[in-house]
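Undergrad: Sharing query_8.txt, compact mmCIF, N, CA and C atoms:
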```
# COMPACT_ATOMS: atom_id res chain seq x y z
N ALA B 124 151.20 20.41 112.16
CA ALA B 124 151.51 21.65 111.46
C ALA B 124 150.27 22.12 110.72
N GLY B 125 150.12 23.44 110.59
CA GLY B 125 149.01 23.98 109.84
C GLY B 125 147.74 24.16 110.64
N ALA B 126 147.80 23.94 111.97
CA ALA B 126 146.61 24.11 112.80
C ALA B 126 146.90 25.11 113.90
N GLY B 127 145.84 25.54 114.57
CA GLY B 127 146.00 26.44 115.70
C GLY B 127 145.75 27.89 115.34
N PRO B 128 145.65 28.73 116.37
CA PRO B 128 145.32 30.13 116.14
C PRO B 128 146.36 30.89 115.31
N GLY B 129 147.63 30.55 115.46
CA GLY B 129 148.67 31.21 114.68
C GLY B 129 148.47 31.00 113.19
N TRP B 130 148.16 29.78 112.80
CA TRP B 130 147.94 29.49 111.39
C TRP B 130 146.68 30.16 110.87
N GLU B 131 145.66 30.27 111.70
CA GLU B 131 144.44 30.95 111.27
C GLU B 131 144.75 32.41 110.95
N GLN B 132 145.60 33.05 111.75
CA GLN B 132 145.98 34.43 111.47
C GLN B 132 146.77 34.53 110.17
N VAL B 133 147.64 33.57 109.92
CA VAL B 133 148.40 33.55 108.67
C VAL B 133 147.44 33.40 107.49
N ARG B 134 146.47 32.52 107.63
CA ARG B 134 145.51 32.30 106.54
C ARG B 134 144.65 33.53 106.30
N GLU B 135 144.24 34.20 107.37
CA GLU B 135 143.46 35.42 107.22
C GLU B 135 144.29 36.52 106.58
N ALA B 136 145.55 36.63 106.97
CA ALA B 136 146.44 37.63 106.37
C ALA B 136 146.64 37.34 104.89
N HIS B 137 146.81 36.07 104.55
CA HIS B 137 146.98 35.67 103.14
C HIS B 137 145.75 36.07 102.33
N ALA B 138 144.57 35.78 102.85
CA ALA B 138 143.33 36.13 102.14
C ALA B 138 143.21 37.64 101.99
N ALA B 139 143.53 38.38 103.04
CA ALA B 139 143.43 39.84 102.97
C ALA B 139 144.43 40.42 101.96
N LEU B 140 145.65 39.90 101.96
CA LEU B 140 146.65 40.38 101.00
C LEU B 140 146.25 40.07 99.56
N ARG B 141 145.72 38.87 99.32
CA ARG B 141 145.29 38.52 97.96
C ARG B 141 144.15 39.43 97.51
N ALA B 142 143.21 39.71 98.41
CA ALA B 142 142.10 40.60 98.07
C ALA B 142 142.62 42.01 97.79
N LEU B 143 143.56 42.48 98.59
CA LEU B 143 144.14 43.80 98.40
C LEU B 143 144.88 43.88 97.07
N ALA B 144 145.64 42.86 96.74
CA ALA B 144 146.43 42.86 95.51
C ALA B 144 145.54 43.07 94.28
N GLY B 145 144.36 42.49 94.30
CA GLY B 145 143.45 42.65 93.17
C GLY B 145 142.96 44.07 92.96
N ARG B 146 143.10 44.91 93.98
CA ARG B 146 142.64 46.30 93.90
C ARG B 146 143.77 47.29 93.66
N ILE B 147 145.00 46.80 93.55
CA ILE B 147 146.16 47.69 93.37
C ILE B 147 146.41 47.88 91.88
N ALA B 148 146.36 49.14 91.44
CA ALA B 148 146.55 49.45 90.02
C ALA B 148 148.02 49.40 89.61
N ASP B 149 148.90 49.79 90.49
CA ASP B 149 150.33 49.83 90.17
C ASP B 149 150.88 48.40 90.05
N PRO B 150 151.36 48.02 88.86
CA PRO B 150 151.82 46.63 88.66
C PRO B 150 152.99 46.23 89.56
N GLY B 151 153.91 47.15 89.83
CA GLY B 151 155.04 46.83 90.68
C GLY B 151 154.63 46.57 92.12
N LEU B 152 153.75 47.42 92.64
CA LEU B 152 153.27 47.25 94.00
C LEU B 152 152.41 45.99 94.12
N ARG B 153 151.58 45.73 93.10
CA ARG B 153 150.76 44.51 93.10
C ARG B 153 151.66 43.27 93.15
N ALA B 154 152.74 43.29 92.36
CA ALA B 154 153.69 42.16 92.34
C ALA B 154 154.35 41.98 93.70
N GLU B 155 154.66 43.08 94.38
CA GLU B 155 155.25 42.97 95.72
C GLU B 155 154.28 42.34 96.71
N VAL B 156 153.02 42.74 96.65
CA VAL B 156 152.03 42.17 97.56
C VAL B 156 151.83 40.68 97.26
N LEU B 157 151.75 40.33 95.98
CA LEU B 157 151.61 38.91 95.62
C LEU B 157 152.87 38.13 96.01
N GLY B 158 154.02 38.77 95.98
CA GLY B 158 155.25 38.13 96.44
C GLY B 158 155.18 37.82 97.93
N ALA B 159 154.60 38.74 98.70
CA ALA B 159 154.40 38.48 100.13
C ALA B 159 153.45 37.31 100.33
N CYS B 160 152.43 37.21 99.49
CA CYS B 160 151.51 36.05 99.57
C CYS B 160 152.27 34.76 99.31
N ALA B 161 153.15 34.79 98.33
CA ALA B 161 153.93 33.59 97.99
C ALA B 161 154.81 33.15 99.15
N LEU B 162 155.31 34.10 99.92
CA LEU B 162 156.11 33.76 101.09
C LEU B 162 155.29 32.98 102.12
N LEU B 163 154.00 33.28 102.20
CA LEU B 163 153.14 32.60 103.16
C LEU B 163 152.81 31.17 102.74
N THR B 164 152.96 30.86 101.46
CA THR B 164 152.66 29.51 100.99
C THR B 164 153.92 28.72 100.63
N ALA B 165 155.08 29.34 100.75
CA ALA B 165 156.33 28.71 100.32
C ALA B 165 156.61 27.38 100.99
N GLY B 166 156.25 27.23 102.25
CA GLY B 166 156.54 25.99 102.95
C GLY B 166 155.47 24.93 102.79
N SER B 167 154.45 25.19 102.00
CA SER B 167 153.33 24.26 101.90
C SER B 167 153.72 22.95 101.25
N ALA B 168 153.57 22.84 99.97
CA ALA B 168 153.82 21.56 99.31
C ALA B 168 154.76 21.69 98.13
N GLY B 169 155.49 22.77 98.05
CA GLY B 169 156.37 22.95 96.91
C GLY B 169 155.60 23.56 95.76
N SER B 170 156.00 23.24 94.53
CA SER B 170 155.32 23.85 93.38
C SER B 170 154.00 23.14 93.11
N PRO B 171 152.94 23.92 92.94
CA PRO B 171 151.62 23.32 92.73
C PRO B 171 151.54 22.56 91.41
N ARG B 172 150.95 21.39 91.44
CA ARG B 172 150.73 20.60 90.22
C ARG B 172 149.46 21.05 89.51
N VAL B 173 148.48 21.45 90.27
CA VAL B 173 147.22 21.92 89.71
C VAL B 173 147.39 23.39 89.36
N ARG B 174 146.94 23.78 88.18
CA ARG B 174 147.03 25.17 87.74
C ARG B 174 145.73 25.89 88.07
N LEU B 175 145.81 26.85 88.96
CA LEU B 175 144.65 27.66 89.31
C LEU B 175 144.88 29.08 88.82
N ALA B 176 143.79 29.73 88.40
CA ALA B 176 143.86 31.13 88.01
C ALA B 176 144.02 31.97 89.27
N PRO B 177 144.64 33.14 89.16
CA PRO B 177 144.82 33.99 90.34
C PRO B 177 143.51 34.27 91.09
N ARG B 178 142.44 34.53 90.38
CA ARG B 178 141.17 34.82 91.05
C ARG B 178 140.58 33.58 91.71
N GLU B 179 140.86 32.40 91.18
CA GLU B 179 140.43 31.17 91.85
C GLU B 179 141.14 31.05 93.20
N VAL B 180 142.42 31.39 93.23
CA VAL B 180 143.17 31.36 94.49
C VAL B 180 142.63 32.41 95.44
N ASP B 181 142.31 33.60 94.91
CA ASP B 181 141.74 34.66 95.75
C ASP B 181 140.46 34.17 96.43
N VAL B 182 139.58 33.55 95.65
CA VAL B 182 138.31 33.06 96.19
C VAL B 182 138.57 31.96 97.22
N LEU B 183 139.45 31.03 96.91
CA LEU B 183 139.75 29.95 97.86
C LEU B 183 140.37 30.50 99.14
N ALA B 184 141.19 31.54 99.03
CA ALA B 184 141.78 32.15 100.23
C ALA B 184 140.69 32.74 101.11
N CYS B 185 139.71 33.39 100.50
CA CYS B 185 138.59 33.95 101.28
C CYS B 185 137.77 32.84 101.92
N VAL B 186 137.49 31.80 101.16
CA VAL B 186 136.72 30.66 101.67
C VAL B 186 137.47 30.01 102.83
N ALA B 187 138.79 29.86 102.68
CA ALA B 187 139.60 29.25 103.73
C ALA B 187 139.56 30.07 105.01
N ALA B 188 139.38 31.38 104.88
CA ALA B 188 139.30 32.26 106.04
C ALA B 188 137.88 32.33 106.60
N GLY B 189 136.96 31.53 106.03
CA GLY B 189 135.60 31.45 106.55
C GLY B 189 134.59 32.36 105.90
N ALA B 190 134.96 33.01 104.81
CA ALA B 190 134.04 33.95 104.15
C ALA B 190 132.95 33.22 103.37
N THR B 191 131.77 33.77 103.42
CA THR B 191 130.68 33.31 102.55
C THR B 191 130.95 33.84 101.14
N ASN B 192 130.16 33.38 100.17
CA ASN B 192 130.31 33.90 98.82
C ASN B 192 130.08 35.41 98.78
N ALA B 193 129.09 35.87 99.53
CA ALA B 193 128.78 37.31 99.56
C ALA B 193 129.93 38.12 100.15
N VAL B 194 130.50 37.63 101.25
CA VAL B 194 131.62 38.33 101.88
C VAL B 194 132.84 38.30 100.97
N ALA B 195 133.12 37.15 100.36
CA ALA B 195 134.25 37.04 99.43
C ALA B 195 134.06 38.01 98.26
N ALA B 196 132.85 38.10 97.75
CA ALA B 196 132.56 39.02 96.64
C ALA B 196 132.83 40.45 97.04
N ASP B 197 132.42 40.81 98.24
CA ASP B 197 132.64 42.17 98.73
C ASP B 197 134.14 42.46 98.87
N ARG B 198 134.88 41.53 99.44
CA ARG B 198 136.32 41.71 99.63
C ARG B 198 137.06 41.83 98.30
N LEU B 199 136.60 41.06 97.31
CA LEU B 199 137.31 41.00 96.03
C LEU B 199 136.78 41.98 95.00
N GLY B 200 135.67 42.64 95.32
CA GLY B 200 135.11 43.62 94.39
C GLY B 200 134.45 43.01 93.17
N VAL B 201 133.85 41.84 93.36
CA VAL B 201 133.13 41.15 92.29
C VAL B 201 131.73 40.78 92.80
N THR B 202 130.93 40.16 91.96
CA THR B 202 129.59 39.75 92.39
C THR B 202 129.65 38.36 93.03
N PRO B 203 128.65 38.02 93.84
CA PRO B 203 128.59 36.67 94.39
C PRO B 203 128.54 35.59 93.31
N GLU B 204 127.90 35.89 92.19
CA GLU B 204 127.85 34.92 91.08
C GLU B 204 129.23 34.68 90.50
N THR B 205 130.05 35.72 90.43
CA THR B 205 131.42 35.58 89.95
C THR B 205 132.22 34.70 90.91
N VAL B 206 132.04 34.93 92.20
CA VAL B 206 132.70 34.09 93.21
C VAL B 206 132.31 32.63 93.01
N LYS B 207 131.01 32.38 92.83
CA LYS B 207 130.53 31.01 92.62
C LYS B 207 131.20 30.38 91.40
N GLY B 208 131.33 31.15 90.33
CA GLY B 208 131.97 30.64 89.12
C GLY B 208 133.42 30.27 89.34
N TYR B 209 134.17 31.15 89.99
CA TYR B 209 135.58 30.85 90.30
C TYR B 209 135.69 29.65 91.23
N LEU B 210 134.81 29.58 92.20
CA LEU B 210 134.84 28.47 93.15
C LEU B 210 134.53 27.15 92.46
N ARG B 211 133.52 27.16 91.60
CA ARG B 211 133.19 25.94 90.84
C ARG B 211 134.37 25.49 89.99
N SER B 212 134.99 26.44 89.31
CA SER B 212 136.14 26.12 88.45
C SER B 212 137.29 25.54 89.27
N ALA B 213 137.59 26.17 90.40
CA ALA B 213 138.67 25.68 91.26
C ALA B 213 138.34 24.29 91.79
N MET B 214 137.09 24.09 92.20
CA MET B 214 136.68 22.78 92.72
C MET B 214 136.84 21.70 91.65
N ARG B 215 136.48 22.03 90.43
CA ARG B 215 136.63 21.07 89.33
C ARG B 215 138.10 20.72 89.14
N LYS B 216 138.96 21.73 89.08
CA LYS B 216 140.40 21.50 88.88
C LYS B 216 141.01 20.70 90.02
N LEU B 217 140.54 20.96 91.24
CA LEU B 217 141.07 20.28 92.42
C LEU B 217 140.37 18.96 92.71
N ARG B 218 139.37 18.64 91.90
CA ARG B 218 138.57 17.41 92.06
C ARG B 218 137.93 17.35 93.44
N ALA B 219 137.37 18.48 93.83
CA ALA B 219 136.73 18.59 95.15
C ALA B 219 135.22 18.67 94.96
N ARG B 220 134.49 18.05 95.88
CA ARG B 220 133.03 18.08 95.82
C ARG B 220 132.43 19.17 96.69
N THR B 221 133.20 19.65 97.67
CA THR B 221 132.70 20.68 98.58
C THR B 221 133.72 21.80 98.71
N ARG B 222 133.26 22.91 99.28
CA ARG B 222 134.16 24.04 99.54
C ARG B 222 135.31 23.61 100.45
N GLY B 223 134.97 22.87 101.49
CA GLY B 223 135.98 22.40 102.43
C GLY B 223 137.02 21.52 101.78
N GLU B 224 136.57 20.59 100.93
CA GLU B 224 137.50 19.73 100.21
C GLU B 224 138.40 20.56 99.30
N ALA B 225 137.85 21.60 98.69
CA ALA B 225 138.64 22.46 97.80
C ALA B 225 139.74 23.18 98.58
N VAL B 226 139.41 23.67 99.75
CA VAL B 226 140.41 24.35 100.59
C VAL B 226 141.52 23.38 100.99
N VAL B 227 141.14 22.19 101.43
CA VAL B 227 142.15 21.19 101.82
C VAL B 227 143.02 20.83 100.63
N ALA B 228 142.42 20.61 99.47
CA ALA B 228 143.19 20.25 98.28
C ALA B 228 144.12 21.40 97.86
N ALA B 229 143.64 22.64 97.98
CA ALA B 229 144.48 23.80 97.61
C ALA B 229 145.66 23.92 98.57
N ARG B 230 145.43 23.63 99.85
CA ARG B 230 146.55 23.67 100.82
C ARG B 230 147.57 22.58 100.50
N ARG B 231 147.07 21.39 100.23
CA ARG B 231 147.99 20.29 99.91
C ARG B 231 148.79 20.55 98.63
N ALA B 232 148.17 21.27 97.69
CA ALA B 232 148.85 21.57 96.43
C ALA B 232 149.79 22.77 96.56
N GLY B 233 149.78 23.44 97.72
CA GLY B 233 150.69 24.56 97.94
C GLY B 233 150.14 25.91 97.54
N TRP B 234 148.85 26.00 97.25
CA TRP B 234 148.26 27.28 96.86
C TRP B 234 147.87 28.14 98.05
N LEU B 235 147.60 27.53 99.18
CA LEU B 235 147.18 28.25 100.38
C LEU B 235 148.05 27.84 101.57
N PRO B 236 148.22 28.76 102.53
CA PRO B 236 149.00 28.39 103.72
C PRO B 236 148.19 27.47 104.63
```
Would you mind writing the file out in structure tokens?
TA:
Amino acid sequence: AGAGPGWEQVREAHAALRALAGRIADPGLRAEVLGACALLTAGSAGSPRVRLAPREVDVLACVAAGATNAVAADRLGVTPETVKGYLRSAMRKLRARTRGEAVVAARRAGWLP
């Protein structure tokens, strides 16, 4: 479970929806989009034990979809340095030494599909 082209499309859709949600000014519509994101992670690992900030999840979703820091920054409307900061913080919370380890840990914790 969690492998193959179908899952890659789900992960890319999740990353795109999270990036879009950050640009939506209307709180109700933003909540609906984030609710759709939650549906994509509902079957993962249950309720996450690690507490990640929403932007940390956004960055990890982009990284999981293969984005570089520059591409993630462009998608999220922030600077590459901001992406690095969120990624470092998420890695620390997830006790990960690499980007890849952070993505795996976030999936296991139920933050990513």
Undergrad: Please determine, counting only N, CA and C atoms, which residue among B:Pro203, B:Pro236, B:Arg172, B:Leu217 has the shortest atom-to-atom distance to Cys160 of chain B.
TA: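 Smallest distance to Cys160 of chain B is found for B:Pro236.
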Undergrad: Rounded to one decimal, what separation in Å do you get between atom CA of Ala228 of chain B and atom C of Arg146 of chain B?
TA: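 So the answer is 27.4 Å.
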Undergrad: Find the distance between atom CA of Arg153 of chain B and atom CA of Leu140 of chain B and write it in Å to one decimal.
TA: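 A separation of 9.8 Å between them.
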Undergrad: Just give me the gap between atom CA of Leu235 of chain B and atom CA of Met214 of chain B in Å, one decimal is fine.
TA: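 Separation between atom CA of Leu235 of chain B and atom CA of Met214 of chain B: 14.1 Å.
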Undergrad: I need the residues in segment 180-232 of chain B that are helix (DSSP H, G or I) according to DSSP; give them as a compact mmCIF listing (two decimals) with N, CA and C atoms, keeping the file's coordinate frame.
TA:
```txt
# COMPACT_ATOMS: atom_id res chain seq x y z
N VAL B 180 142.42 31.39 93.23
CA VAL B 180 143.17 31.36 94.49
C VAL B 180 142.63 32.41 95.44
N ASP B 181 142.31 33.60 94.91
CA ASP B 181 141.74 34.66 95.75
C ASP B 181 140.46 34.17 96.43
N VAL B 182 139.58 33.55 95.65
CA VAL B 182 138.31 33.06 96.19
C VAL B 182 138.57 31.96 97.22
N LEU B 183 139.45 31.03 96.91
CA LEU B 183 139.75 29.95 97.86
C LEU B 183 140.37 30.50 99.14
N ALA B 184 141.19 31.54 99.03
CA ALA B 184 141.78 32.15 100.23
C ALA B 184 140.69 32.74 101.11
N CYS B 185 139.71 33.39 100.50
CA CYS B 185 138.59 33.95 101.28
C CYS B 185 137.77 32.84 101.92
N VAL B 186 137.49 31.80 101.16
CA VAL B 186 136.72 30.66 101.67
C VAL B 186 137.47 30.01 102.83
N ALA B 187 138.79 29.86 102.68
CA ALA B 187 139.60 29.25 103.73
C ALA B 187 139.56 30.07 105.01
N ASN B 192 130.16 33.38 100.17
CA ASN B 192 130.31 33.90 98.82
C ASN B 192 130.08 35.41 98.78
N ALA B 193 129.09 35.87 99.53
CA ALA B 193 128.78 37.31 99.56
C ALA B 193 129.93 38.12 100.15
N VAL B 194 130.50 37.63 101.25
CA VAL B 194 131.62 38.33 101.88
C VAL B 194 132.84 38.30 100.97
N ALA B 195 133.12 37.15 100.36
CA ALA B 195 134.25 37.04 99.43
C ALA B 195 134.06 38.01 98.26
N ALA B 196 132.85 38.10 97.75
CA ALA B 196 132.56 39.02 96.64
C ALA B 196 132.83 40.45 97.04
N ASP B 197 132.42 40.81 98.24
CA ASP B 197 132.64 42.17 98.73
C ASP B 197 134.14 42.46 98.87
N ARG B 198 134.88 41.53 99.44
CA ARG B 198 136.32 41.71 99.63
C ARG B 198 137.06 41.83 98.30
N LEU B 199 136.60 41.06 97.31
CA LEU B 199 137.31 41.00 96.03
C LEU B 199 136.78 41.98 95.00
N PRO B 203 128.65 38.02 93.84
CA PRO B 203 128.59 36.67 94.39
C PRO B 203 128.54 35.59 93.31
N GLU B 204 127.90 35.89 92.19
CA GLU B 204 127.85 34.92 91.08
C GLU B 204 129.23 34.68 90.50
N THR B 205 130.05 35.72 90.43
CA THR B 205 131.42 35.58 89.95
C THR B 205 132.22 34.70 90.91
N VAL B 206 132.04 34.93 92.20
CA VAL B 206 132.70 34.09 93.21
C VAL B 206 132.31 32.63 93.01
N LYS B 207 131.01 32.38 92.83
CA LYS B 207 130.53 31.01 92.62
C LYS B 207 131.20 30.38 91.40
N GLY B 208 131.33 31.15 90.33
CA GLY B 208 131.97 30.64 89.12
C GLY B 208 133.42 30.27 89.34
N TYR B 209 134.17 31.15 89.99
CA TYR B 209 135.58 30.85 90.30
C TYR B 209 135.69 29.65 91.23
N LEU B 210 134.81 29.58 92.20
CA LEU B 210 134.84 28.47 93.15
C LEU B 210 134.53 27.15 92.46
N ARG B 211 133.52 27.16 91.60
CA ARG B 211 133.19 25.94 90.84
C ARG B 211 134.37 25.49 89.99
N SER B 212 134.99 26.44 89.31
CA SER B 212 136.14 26.12 88.45
C SER B 212 137.29 25.54 89.27
N ALA B 213 137.59 26.17 90.40
CA ALA B 213 138.67 25.68 91.26
C ALA B 213 138.34 24.29 91.79
N MET B 214 137.09 24.09 92.20
CA MET B 214 136.68 22.78 92.72
C MET B 214 136.84 21.70 91.65
N ARG B 215 136.48 22.03 90.43
CA ARG B 215 136.63 21.07 89.33
C ARG B 215 138.10 20.72 89.14
N LYS B 216 138.96 21.73 89.08
CA LYS B 216 140.40 21.50 88.88
C LYS B 216 141.01 20.70 90.02
N LEU B 217 140.54 20.96 91.24
CA LEU B 217 141.07 20.28 92.42
C LEU B 217 140.37 18.96 92.71
N ARG B 222 133.26 22.91 99.28
CA ARG B 222 134.16 24.04 99.54
C ARG B 222 135.31 23.61 100.45
N GLY B 223 134.97 22.87 101.49
CA GLY B 223 135.98 22.40 102.43
C GLY B 223 137.02 21.52 101.78
N GLU B 224 136.57 20.59 100.93
CA GLU B 224 137.50 19.73 100.21
C GLU B 224 138.40 20.56 99.30
N ALA B 225 137.85 21.60 98.69
CA ALA B 225 138.64 22.46 97.80
C ALA B 225 139.74 23.18 98.58
N VAL B 226 139.41 23.67 99.75
CA VAL B 226 140.41 24.35 100.59
C VAL B 226 141.52 23.38 100.99
N VAL B 227 141.14 22.19 101.43
CA VAL B 227 142.15 21.19 101.82
C VAL B 227 143.02 20.83 100.63
N ALA B 228 142.42 20.61 99.47
CA ALA B 228 143.19 20.25 98.28
C ALA B 228 144.12 21.40 97.86
N ALA B 229 143.64 22.64 97.98
CA ALA B 229 144.48 23.80 97.61
C ALA B 229 145.66 23.92 98.57
N ARG B 230 145.43 23.63 99.85
CA ARG B 230 146.55 23.67 100.82
C ARG B 230 147.57 22.58 100.50
N ARG B 231 147.07 21.39 100.23
CA ARG B 231 147.99 20.29 99.91
C ARG B 231 148.79 20.55 98.63
```
Undergrad: Using the block above, I'd like segment 223-233 of chain B written out, keeping all heavy atoms and formatting it as a CSV table (one decimal), in the first residue's frame.
TA:
```csv
chain,number,residue,atom,x,y,z
B,223,GLY,N,14.1,12.9,2.7
B,223,GLY,CA,13.4,11.7,2.5
B,223,GLY,C,12.9,11.0,3.8
B,223,GLY,O,11.8,10.5,3.8
B,224,GLU,N,13.8,11.1,4.8
B,224,GLU,CA,13.4,10.5,6.1
B,224,GLU,C,12.2,11.3,6.7
B,224,GLU,O,11.3,10.8,7.3
B,224,GLU,CB,14.5,10.6,7.1
B,224,GLU,CG,15.5,9.5,6.9
B,224,GLU,CD,16.7,9.6,8.0
B,224,GLU,OE1,16.5,10.4,9.0
B,224,GLU,OE2,17.7,9.0,7.8
B,225,ALA,N,12.2,12.6,6.5
B,225,ALA,CA,11.1,13.5,6.9
B,225,ALA,C,9.8,13.1,6.2
B,225,ALA,O,8.7,13.0,6.9
B,225,ALA,CB,11.4,15.0,6.7
B,226,VAL,N,9.8,12.9,4.9
B,226,VAL,CA,8.6,12.5,4.2
B,226,VAL,C,8.1,11.2,4.7
B,226,VAL,O,6.9,11.0,4.9
B,226,VAL,CB,8.9,12.5,2.7
B,226,VAL,CG1,7.8,11.8,1.9
B,226,VAL,CG2,9.2,13.9,2.1
B,227,VAL,N,9.0,10.2,4.9
B,227,VAL,CA,8.6,8.9,5.4
B,227,VAL,C,7.9,9.0,6.7
B,227,VAL,O,6.9,8.4,7.0
B,227,VAL,CB,9.7,7.9,5.4
B,227,VAL,CG1,9.4,6.6,6.1
B,227,VAL,CG2,10.2,7.6,3.9
B,228,ALA,N,8.6,9.8,7.6
B,228,ALA,CA,8.1,9.9,9.0
B,228,ALA,C,6.7,10.7,9.0
B,228,ALA,O,5.8,10.3,9.7
B,228,ALA,CB,9.1,10.7,9.8
B,229,ALA,N,6.6,11.7,8.1
B,229,ALA,CA,5.3,12.4,8.0
B,229,ALA,C,4.2,11.5,7.5
B,229,ALA,O,3.1,11.5,8.0
B,229,ALA,CB,5.4,13.6,7.1
B,230,ARG,N,4.5,10.6,6.6
B,230,ARG,CA,3.5,9.6,6.1
B,230,ARG,C,3.1,8.7,7.2
B,230,ARG,O,1.9,8.4,7.4
B,230,ARG,CB,4.0,8.9,4.9
B,230,ARG,CG,4.0,9.7,3.6
B,230,ARG,CD,4.5,8.9,2.4
B,230,ARG,NE,4.5,9.8,1.2
B,230,ARG,CZ,5.4,9.7,0.3
B,230,ARG,NH1,6.3,8.8,0.3
B,230,ARG,NH2,5.3,10.6,-0.8
B,231,ARG,N,4.1,8.1,7.9
B,231,ARG,CA,3.8,7.2,9.0
B,231,ARG,C,3.0,7.9,10.1
B,231,ARG,O,2.2,7.2,10.8
B,231,ARG,CB,5.1,6.7,9.6
B,231,ARG,CG,5.8,5.7,8.7
B,231,ARG,CD,7.0,5.1,9.3
B,231,ARG,NE,7.6,4.1,8.4
B,231,ARG,CZ,8.9,3.8,8.3
B,231,ARG,NH1,9.7,4.4,9.2
B,231,ARG,NH2,9.3,3.0,7.5
B,232,ALA,N,3.2,9.2,10.3
B,232,ALA,CA,2.5,9.9,11.4
B,232,ALA,C,1.1,10.3,10.9
B,232,ALA,O,0.3,10.8,11.7
B,232,ALA,CB,3.3,11.1,11.8
B,233,GLY,N,0.8,10.1,9.6
B,233,GLY,CA,-0.6,10.4,9.1
B,233,GLY,C,-0.7,11.8,8.6
B,233,GLY,O,-1.8,12.3,8.3
```
